[in-house]
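What's in input09.cif: mmCIF, C-alpha atoms and all ligand atoms
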```
data_entry
#
loop_
_atom_site.label_atom_id
_atom_site.label_comp_id
_atom_site.auth_asym_id
_atom_site.auth_seq_id
_atom_site.Cartn_x
_atom_site.Cartn_y
_atom_site.Cartn_z
CA MET A 1 112.24 56.76 37.15
CA ARG A 2 112.53 59.56 39.69
CA ILE A 3 111.82 58.61 43.27
CA LEU A 4 111.50 60.88 46.28
CA VAL A 5 112.36 59.73 49.78
CA ALA A 6 111.50 62.62 52.11
CA THR A 7 111.65 62.52 55.88
CA ALA A 8 110.92 64.72 58.88
CA SER A 9 113.19 63.95 61.79
CA ARG A 10 114.02 65.79 65.00
CA TYR A 11 116.98 63.70 66.17
CA GLY A 12 118.03 61.89 63.01
CA SER A 13 116.70 58.37 63.51
CA THR A 14 113.84 58.78 61.03
CA ARG A 15 116.22 60.30 58.50
CA GLU A 16 118.39 57.17 58.82
CA VAL A 17 115.34 54.99 58.14
CA GLY A 18 114.73 56.99 54.96
CA GLU A 19 118.37 56.62 53.93
CA ARG A 20 118.22 52.87 54.47
CA LEU A 21 114.98 52.55 52.47
CA ALA A 22 116.56 54.50 49.60
CA ALA A 23 119.77 52.43 49.64
CA THR A 24 117.91 49.11 49.57
CA LEU A 25 115.51 50.36 46.92
CA ALA A 26 118.44 51.49 44.74
CA VAL A 27 120.06 48.05 44.88
CA ASP A 28 116.78 46.26 44.12
CA LEU A 29 115.95 48.51 41.17
CA GLU A 30 119.45 48.23 39.75
CA ARG A 31 119.16 44.44 39.89
CA GLN A 32 115.97 44.81 37.90
CA MET A 33 117.84 47.03 35.45
CA ILE A 34 115.48 49.87 36.20
CA GLU A 35 117.15 53.24 35.97
CA ALA A 36 116.25 55.17 39.07
CA GLU A 37 117.26 58.53 40.44
CA ILE A 38 116.44 58.61 44.14
CA ASP A 39 116.41 61.92 46.02
CA VAL A 40 116.78 61.46 49.77
CA ILE A 41 115.94 64.81 51.33
CA ASP A 42 114.28 66.53 54.24
CA VAL A 43 110.58 67.29 53.74
CA VAL A 44 111.32 71.02 53.93
CA ASP A 45 113.52 70.73 50.85
CA VAL A 46 110.84 69.17 48.63
CA GLU A 47 110.09 71.66 45.89
CA ASP A 48 107.70 69.90 43.56
CA ILE A 49 106.22 66.43 44.01
CA ALA A 50 105.03 66.48 40.40
CA PHE A 51 108.69 66.08 39.37
CA TYR A 52 108.69 62.49 40.75
CA ASP A 53 107.23 59.17 39.58
CA ALA A 54 106.89 57.79 43.13
CA ALA A 55 107.34 59.02 46.68
CA ILE A 56 108.11 57.63 50.10
CA ILE A 57 107.40 60.11 52.89
CA GLY A 58 108.09 59.49 56.55
CA SER A 59 107.98 61.36 59.81
CA ALA A 60 108.90 60.84 63.40
CA VAL A 61 105.85 60.84 65.66
CA TYR A 62 105.72 63.22 68.60
CA PHE A 63 102.65 63.39 70.83
CA GLY A 64 100.67 61.21 68.46
CA ARG A 65 101.27 63.35 65.39
CA TRP A 66 103.66 63.71 62.50
CA LEU A 67 106.11 66.62 62.72
CA ARG A 68 104.66 69.84 61.35
CA PRO A 69 106.90 70.15 58.24
CA ALA A 70 105.75 66.67 57.14
CA ARG A 71 102.09 67.54 57.74
CA ASP A 72 102.59 70.77 55.82
CA LEU A 73 104.10 68.92 52.87
CA ILE A 74 101.14 66.53 52.73
CA ASP A 75 98.65 69.43 52.91
CA ARG A 76 100.49 71.52 50.35
CA GLU A 77 100.98 68.68 47.84
CA GLN A 78 97.58 66.94 48.24
CA HIS A 79 96.75 67.30 44.57
CA ASN A 80 100.06 65.92 43.27
CA LEU A 81 100.17 63.13 45.85
CA HIS A 82 96.93 61.76 44.44
CA GLN A 83 98.61 61.32 41.06
CA LEU A 84 101.53 59.08 42.12
CA PRO A 85 102.23 55.90 44.01
CA VAL A 86 103.00 57.09 47.54
CA TRP A 87 104.15 55.10 50.55
CA LEU A 88 104.10 56.66 54.01
CA PHE A 89 105.85 55.64 57.18
CA SER A 90 105.78 56.75 60.77
CA SER A 91 108.76 56.25 63.00
CA GLY A 92 107.50 56.17 66.48
CA PRO A 93 106.95 53.84 69.29
CA VAL A 94 109.78 53.18 71.69
CA GLY A 95 109.16 50.73 74.48
CA ASP A 96 105.57 49.90 75.43
CA ASN A 97 104.25 53.23 76.68
CA THR A 98 104.45 55.66 73.79
CA PRO A 99 100.99 56.64 72.52
CA ALA A 100 99.61 54.70 69.55
CA THR A 101 100.45 56.19 66.16
CA GLY A 102 97.46 54.86 64.22
CA SER A 103 96.07 58.33 63.57
CA ALA A 104 99.43 60.08 63.14
CA MET A 105 98.63 60.70 59.48
CA THR A 106 95.47 59.73 57.64
CA ALA A 107 95.91 59.37 53.89
CA PRO A 108 93.54 56.97 52.14
CA TRP A 109 95.26 57.72 48.81
CA ALA A 110 98.58 56.25 49.98
CA ARG A 111 99.51 52.73 48.85
CA GLU A 112 100.44 51.88 52.42
CA HIS A 113 101.27 53.49 55.74
CA ARG A 114 103.80 51.57 57.85
CA THR A 115 104.73 52.29 61.44
CA PHE A 116 108.29 51.41 62.41
CA PRO A 117 109.58 51.38 65.97
CA GLY A 118 111.89 54.31 66.69
CA LYS A 119 114.91 55.31 68.70
CA LEU A 120 115.23 57.35 71.87
CA ASP A 121 118.37 58.76 73.42
CA ARG A 122 117.42 60.86 76.42
CA SER A 123 120.80 62.57 76.54
CA THR A 124 119.99 64.37 73.27
CA LEU A 125 116.45 65.49 74.20
CA ARG A 126 115.31 68.96 75.17
CA ARG A 127 114.49 69.28 78.86
CA SER A 128 110.71 69.28 78.31
CA GLU A 129 110.99 66.17 76.13
CA ARG A 130 113.12 64.43 78.72
CA LEU A 131 110.35 65.03 81.25
CA VAL A 132 107.75 63.54 78.90
CA ALA A 133 109.99 60.54 78.25
CA ALA A 134 110.33 60.07 81.99
CA VAL A 135 106.56 60.30 82.54
CA LEU A 136 105.94 57.77 79.76
CA ARG A 137 108.75 55.66 81.17
CA ALA A 138 110.11 55.50 77.62
CA PRO A 139 113.40 53.62 77.66
CA ASP A 140 116.68 54.64 76.01
CA VAL A 141 116.55 52.25 73.09
CA ASP A 142 117.07 51.83 69.39
CA ASP A 143 114.08 49.68 68.44
CA ARG A 144 114.52 50.17 64.70
CA ASP A 145 114.49 46.87 62.84
CA PHE A 146 116.51 47.26 59.66
CA VAL A 147 115.54 43.80 58.44
CA GLU A 148 111.89 44.88 58.56
CA ILE A 149 112.80 48.19 56.90
CA ASP A 150 114.67 46.37 54.12
CA GLY A 151 111.68 44.06 53.68
CA TRP A 152 109.44 47.04 53.09
CA ALA A 153 111.91 48.51 50.59
CA HIS A 154 111.86 45.16 48.72
CA ASP A 155 108.04 45.31 48.60
CA ILE A 156 108.13 48.84 47.22
CA ALA A 157 110.76 47.90 44.63
CA SER A 158 108.60 44.95 43.50
CA SER A 159 105.61 47.17 43.20
CA LEU A 160 107.50 49.79 41.18
CA ALA A 161 109.03 47.14 38.92
CA GLY A 162 105.63 45.52 38.39
CA SER A 163 103.94 48.77 37.48
CA ARG A 164 106.39 49.56 34.69
CA PRO A 165 105.05 48.82 31.21
CA GLY A 166 106.50 45.63 29.78
CA ARG A 167 107.96 44.37 33.07
CA SER A 168 106.72 41.58 35.21
CA GLN A 169 106.41 41.57 38.98
CA ILE A 170 109.41 40.33 40.99
CA VAL A 171 108.37 37.10 42.63
CA SER A 172 110.73 36.47 45.52
C1 LIG B 1 108.70 64.01 73.80
C2 LIG B 1 108.49 62.79 72.96
C3 LIG B 1 107.21 62.42 72.54
C4 LIG B 1 107.02 61.27 71.76
N1 LIG B 1 105.76 60.93 71.38
C5 LIG B 1 105.57 59.78 70.67
C6 LIG B 1 104.25 59.38 70.30
O1 LIG B 1 103.27 60.05 70.58
N2 LIG B 1 104.10 58.21 69.63
C7 LIG B 1 105.18 57.45 69.29
O2 LIG B 1 104.99 56.39 68.70
N3 LIG B 1 106.45 57.81 69.60
C8 LIG B 1 106.66 58.95 70.28
N4 LIG B 1 107.93 59.34 70.63
C9 LIG B 1 109.09 58.53 70.15
C10 LIG B 1 109.73 59.14 68.89
O3 LIG B 1 108.82 59.15 67.84
C11 LIG B 1 110.97 58.30 68.53
O4 LIG B 1 111.95 58.57 69.49
C12 LIG B 1 111.46 58.58 67.12
O5 LIG B 1 112.31 57.53 66.71
C13 LIG B 1 112.19 59.90 67.02
O6 LIG B 1 112.57 60.13 65.70
P1 LIG B 1 113.66 61.21 65.28
O7 LIG B 1 114.99 60.76 65.85
O8 LIG B 1 113.67 61.15 63.79
O9 LIG B 1 113.23 62.54 65.80
C14 LIG B 1 108.14 60.47 71.40
C15 LIG B 1 109.44 60.86 71.81
C16 LIG B 1 109.61 61.99 72.59
C17 LIG B 1 111.00 62.37 73.01
#
```
Could you spell out this file's structure in structure tokens?
Amino acid sequence: MRILVATASRYGSTREVGERLAATLAVDLERQMIEAEIDVIDVVDVEDIAFYDAAIIGSAVYFGRWLRPARDLIDREQHNLHQLPVWLFSSGPVGDNTPATGSAMTAPWAREHRTFPGKLDRSTLRRSERLVAAVLRAPDVDDRDFVEIDGWAHDIASSLAGSRPGRSQIVS
């Protein structure tokens, strides 16, 4: 089984979420004795979605939207994305004041779209972004919850294991 984990990240925190999802998924699938090749790459490096049996695609959210390269991938690969199980995630809110991400990416064909809290380190931001962070009173925090992220990876692994011919769904 070939699985794509593709992320769009400006400062790396969303990429790390993708890496964690892939690592947890790999362990779960190995336990199930399912041979899986998992590509963890940037969305700009995705050549052909049709090559994969399943995909997880995530983007950081800036100003209520996914980053452009992630939006471009979804637009470009619409046809192929309809043919596979696809899970989407947004990595976004930090603190209480960042705008809601509900409409960051609309994709009724996706199995699920999760929003995970993100990470903000003002010292790394561009000047204009620092100003926005100040206006939003966004705190310097790492709100990512790797237990929650692992939980989602377990759900995806169960779903992939269950959809394979001749295999039963993982129960716990
Ligand atoms: C200028 C700016 C705008 C942001 N806008 C949003 C937003 O609209 N909604 C949201 O949920 N998070 C927003 N965030 C928080 C980022 O999505 C969060 O920091 C994310 O973890 C960054 O991911 P990255 O490290 O992969 O780039 C914003 C952050 C900055 C600096």
Environment of ligand LIG 1 (chain B) within 7 Å, counting only C-alpha atoms and all ligand atoms, reported as a PDB file with C-alpha atoms, keeping the file's coordinate frame:
```pdb
ATOM      1  CA  ALA A   8     110.920  64.720  58.880  1.00  0.00           C
ATOM      2  CA  SER A   9     113.190  63.950  61.790  1.00  0.00           C
ATOM      3  CA  ARG A  10     114.020  65.790  65.000  1.00  0.00           C
ATOM      4  CA  TYR A  11     116.980  63.700  66.170  1.00  0.00           C
ATOM      5  CA  GLY A  12     118.030  61.890  63.010  1.00  0.00           C
ATOM      6  CA  SER A  13     116.700  58.370  63.510  1.00  0.00           C
ATOM      7  CA  THR A  14     113.840  58.780  61.030  1.00  0.00           C
ATOM      8  CA  ARG A  15     116.220  60.300  58.500  1.00  0.00           C
ATOM      9  CA  SER A  59     107.980  61.360  59.810  1.00  0.00           C
ATOM     10  CA  ALA A  60     108.900  60.840  63.400  1.00  0.00           C
ATOM     11  CA  VAL A  61     105.850  60.840  65.660  1.00  0.00           C
ATOM     12  CA  TYR A  62     105.720  63.220  68.600  1.00  0.00           C
ATOM     13  CA  PHE A  63     102.650  63.390  70.830  1.00  0.00           C
ATOM     14  CA  GLY A  64     100.670  61.210  68.460  1.00  0.00           C
ATOM     15  CA  ARG A  65     101.270  63.350  65.390  1.00  0.00           C
ATOM     16  CA  SER A  91     108.760  56.250  63.000  1.00  0.00           C
ATOM     17  CA  GLY A  92     107.500  56.170  66.480  1.00  0.00           C
ATOM     18  CA  PRO A  93     106.950  53.840  69.290  1.00  0.00           C
ATOM     19  CA  VAL A  94     109.780  53.180  71.690  1.00  0.00           C
ATOM     20  CA  THR A  98     104.450  55.660  73.790  1.00  0.00           C
ATOM     21  CA  PRO A  99     100.990  56.640  72.520  1.00  0.00           C
ATOM     22  CA  ALA A 100      99.610  54.700  69.550  1.00  0.00           C
ATOM     23  CA  THR A 101     100.450  56.190  66.160  1.00  0.00           C
ATOM     24  CA  PRO A 117     109.580  51.380  65.970  1.00  0.00           C
ATOM     25  CA  GLY A 118     111.890  54.310  66.690  1.00  0.00           C
ATOM     26  CA  LYS A 119     114.910  55.310  68.700  1.00  0.00           C
ATOM     27  CA  LEU A 120     115.230  57.350  71.870  1.00  0.00           C
ATOM     28  CA  LEU A 125     116.450  65.490  74.200  1.00  0.00           C
ATOM     29  CA  GLU A 129     110.990  66.170  76.130  1.00  0.00           C
ATOM     30  CA  ARG A 130     113.120  64.430  78.720  1.00  0.00           C
ATOM     31  CA  VAL A 132     107.750  63.540  78.900  1.00  0.00           C
ATOM     32  CA  ALA A 133     109.990  60.540  78.250  1.00  0.00           C
TER      33      ALA A 133
END
```
- Message: I want to know what sits within 7 Å of stretch 107-116 of chain A, based on all atoms listed in the file, with residues of the same chain fewer than 2 positions away left out; could you give that as an NGL selection string?
- Response: :A and (82 or 85-92 or 105 or 118 or 144)
| query | Between atom CA of A:Arg68 and atom CA of A:Ser159, what is the spacing in Å? | reply |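 Distance reported for this atom pair: 29.1 Å.
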inquiry  = Ranking A:Ala50, A:Leu81, A:Val141, A:Ala55 by minimum distance to A:Gly95 and counting only C-alpha atoms, which one comes first?
reply    =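 Residue with the minimum atom-to-atom distance to A:Gly95: A:Val141.
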Report the distance between atom CA of A:Ala157 and atom CA of A:Asp48 in Å, rounded to one decimal place.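 Separation of atom CA of A:Ala157 and atom CA of A:Asp48: 22.2 Å.
Using only C-alpha atoms, the nearest neighbour of A:Arg76 within the list A:Trp152, A:Thr24, A:Val46, A:Asn97 is A:Val46.
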Item to complete: Find the residues near A:Val40: any atom within 12 Å, counting only C-alpha atoms, skip ones fewer than 4 places away on the same chain, and give them as a list in words.
Response: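 With the cut-off at 12 Å, the set is Arg2, Ile3, Leu4, Val5, Ala6, Thr7, Ala8, Thr14, Arg15, Glu16, Val17, Gly18, Glu19, Arg20, Leu21, Ala22, Ala23, Leu25, Ala26, Val44, Asp45, Val46, Ala55, Ile56, Ile57 and Gly58 of chain A.
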What separates atom CA of A:Asp96 and atom CA of A:Pro69 is a distance of 26.6 Å
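Nearest residue to A:Thr106, choosing from A:Leu84, A:Ile74, A:Leu131, A:His79 and counting all atoms listed in the file: A:Ile74.
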